[in-house]
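Data first, discussion second: the structure below is written as structure tokens.
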Protein chains: 2
Amino acid sequence: MRRTNLAELPCSLARSLQIVGERWTLLVLRDICLGWDRFEAIHDHLGIARNILKTRLDTLVEHEVVERTLYQEHPPRYEYGPTVKGRELMPILLAMVAWGDRWASPDGPPMLFTHETCGHDLVATIVCEACGGPFDLQTTSFRPGPGLT
Amino acid sequence: MRRTNLAELPCSLARSLQIVGERWTLLVLRDICLGWDRFEAIHDHLGIARNILKTRLDTLVEHEVVERTLYQEHPPRYEYGPTVKGRELMPILLAMVAWGDRWASPDGPPMLFTHETCGHDLVATIVCEACGGPFDLQTTSFRPGPGLT
């Protein structure tokens, strides 16, 4: 069986990756979340090619992860901000940061985060919403859900 | 400034994405974690082109996210399993599943997971490791870390 579109897989991971799984997309979203909210600022900060940045921003806007607002009319200029849907990806970004800190940053974390609510360094950790405990492959089983087609 | 390699960005998110950010890579890892552990099984399950699957598996092995074991000598055949580094990505996969369930699966979750430790449906949620509480853009600040170059 040959598929060409991730979204055809009956899997919410595939559907998430269809939206944010292209190269650079999550870095663009990270920049927007952290305040680089204009095209030129993101372009300068990431060093990404302009045509790729335009495509990635269009995808994020199309899927309502990011919203685009006109801030200047002549010539038209836009700024970008995360929607609620986009903000809910931010903890996933920080979980990937924590994994990269642990496995791919031998000189130590390039960036440190503070959880202002408790005052500690923020290391994003993933737990079971029901019990608050950790889980791994050994303690997780899976079965078909109502959306399986 | 123009970069061509995500790994050049002094950022653990970029470094993580350098390893697992290519299209299909996280789906291949998911399959391996869930037991589709041979080339033909992954190929049939995902419907991914053989040359792309080979490249993705090579990248995962190269970065020690997955290990390759010979299970048949004539002709040589391999099976794949996640390393500790790879297993630690599994909660991130399930956090992306939870986001996709919420935002991209209008017919309901295609797959349901059970946390065998507590017996409840497993919805992966991301919290601050220090206090166990939630965080978002408003409650998170950032600063340079020791690995910033």
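For the structure tokens, the naming scheme is as follows: chains receive sequential letters (A, B, ...) according to their order of presentation, residues are indexed from 1 within each chain, and ligands are indexed from 1 in presentation order.
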Could you list, as a ChimeraX atom specification, every residue of chain A that has an atom within 6 Å of an atom of chain B, counting only C-alpha atoms? /A:1-3,10-13,16,47,96-97,100-101,107-116,122-129,139-148
Could you take the residues named above and write them with C-alpha atoms, as a PDB file, in the first residue's frame?
```
ATOM      1  CA  MET A   1       0.000   0.000   0.000  1.00  0.00           C
ATOM      2  CA  ARG A   2       1.442   3.335  -1.004  1.00  0.00           C
ATOM      3  CA  ARG A   3       0.342   6.602   0.548  1.00  0.00           C
ATOM      4  CA  PRO A  10      -5.956   7.058  10.648  1.00  0.00           C
ATOM      5  CA  CYS A  11      -3.677   8.320  13.397  1.00  0.00           C
ATOM      6  CA  SER A  12      -3.630  11.558  15.353  1.00  0.00           C
ATOM      7  CA  LEU A  13       0.158  11.604  15.315  1.00  0.00           C
ATOM      8  CA  SER A  16      -0.407  16.431  13.876  1.00  0.00           C
ATOM      9  CA  GLY A  47      18.395  32.030   8.726  1.00  0.00           C
ATOM     10  CA  MET A  96      11.433  18.312  22.628  1.00  0.00           C
ATOM     11  CA  VAL A  97      13.831  20.910  24.053  1.00  0.00           C
ATOM     12  CA  GLY A 100      17.473  17.633  22.981  1.00  0.00           C
ATOM     13  CA  ASP A 101      19.104  19.038  26.133  1.00  0.00           C
ATOM     14  CA  ASP A 107      27.852  21.421  26.295  1.00  0.00           C
ATOM     15  CA  GLY A 108      24.693  21.905  28.361  1.00  0.00           C
ATOM     16  CA  PRO A 109      21.355  23.498  27.538  1.00  0.00           C
ATOM     17  CA  PRO A 110      21.653  26.441  25.130  1.00  0.00           C
ATOM     18  CA  MET A 111      18.522  27.949  26.642  1.00  0.00           C
ATOM     19  CA  LEU A 112      17.109  27.719  30.139  1.00  0.00           C
ATOM     20  CA  PHE A 113      13.460  28.228  31.001  1.00  0.00           C
ATOM     21  CA  THR A 114      11.887  29.348  34.241  1.00  0.00           C
ATOM     22  CA  HIS A 115       8.441  28.317  35.388  1.00  0.00           C
ATOM     23  CA  GLU A 116       7.300  31.635  36.841  1.00  0.00           C
ATOM     24  CA  LEU A 122      11.315  24.535  33.830  1.00  0.00           C
ATOM     25  CA  VAL A 123      11.993  21.041  32.544  1.00  0.00           C
ATOM     26  CA  ALA A 124       8.960  19.809  30.628  1.00  0.00           C
ATOM     27  CA  THR A 125       7.970  16.299  31.646  1.00  0.00           C
ATOM     28  CA  ILE A 126       5.115  14.221  30.283  1.00  0.00           C
ATOM     29  CA  VAL A 127       2.724  12.356  32.552  1.00  0.00           C
ATOM     30  CA  CYS A 128      -0.618  10.564  32.501  1.00  0.00           C
ATOM     31  CA  GLU A 129      -3.358  13.181  32.857  1.00  0.00           C
ATOM     32  CA  THR A 139       3.064   0.538  30.925  1.00  0.00           C
ATOM     33  CA  THR A 140       1.054   1.616  27.873  1.00  0.00           C
ATOM     34  CA  SER A 141      -1.318  -0.441  25.780  1.00  0.00           C
ATOM     35  CA  PHE A 142      -3.398   0.661  22.824  1.00  0.00           C
ATOM     36  CA  ARG A 143      -6.642  -0.234  21.100  1.00  0.00           C
ATOM     37  CA  PRO A 144      -8.784   1.140  18.247  1.00  0.00           C
ATOM     38  CA  GLY A 145     -10.786   4.278  19.045  1.00  0.00           C
ATOM     39  CA  PRO A 146     -14.060   5.696  17.693  1.00  0.00           C
ATOM     40  CA  GLY A 147     -12.282   7.708  14.979  1.00  0.00           C
ATOM     41  CA  LEU A 148     -10.590   4.704  13.361  1.00  0.00           C
TER      42      LEU A 148
END
```
Shell around segment 36-39 of chain A at 8 Å using only C-alpha atoms, local window under 3 positions removed, as a PyMOL selection string: chain A and resi 31-33+42-43+45+53+78-81
What is the distance between atom CA of Val61 of chain A and atom CA of Val84 of chain A, in Å to one decimal?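 Taking atom CA of Val61 of chain A as the start and atom CA of Val84 of chain A as the end point, the length is 12.5 Å.
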Rounded to one decimal place, report the atom CA of Asn51 of chain A-atom CA of Asn51 of chain B distance in Å. 26.8 Å
Would you give me, as a VMD selection string, the residues in segment 20-135 of chain B that DSSP reads as strand (DSSP E)? chain B and resid 66 to 72 77 to 82 111 to 115 124 to 128
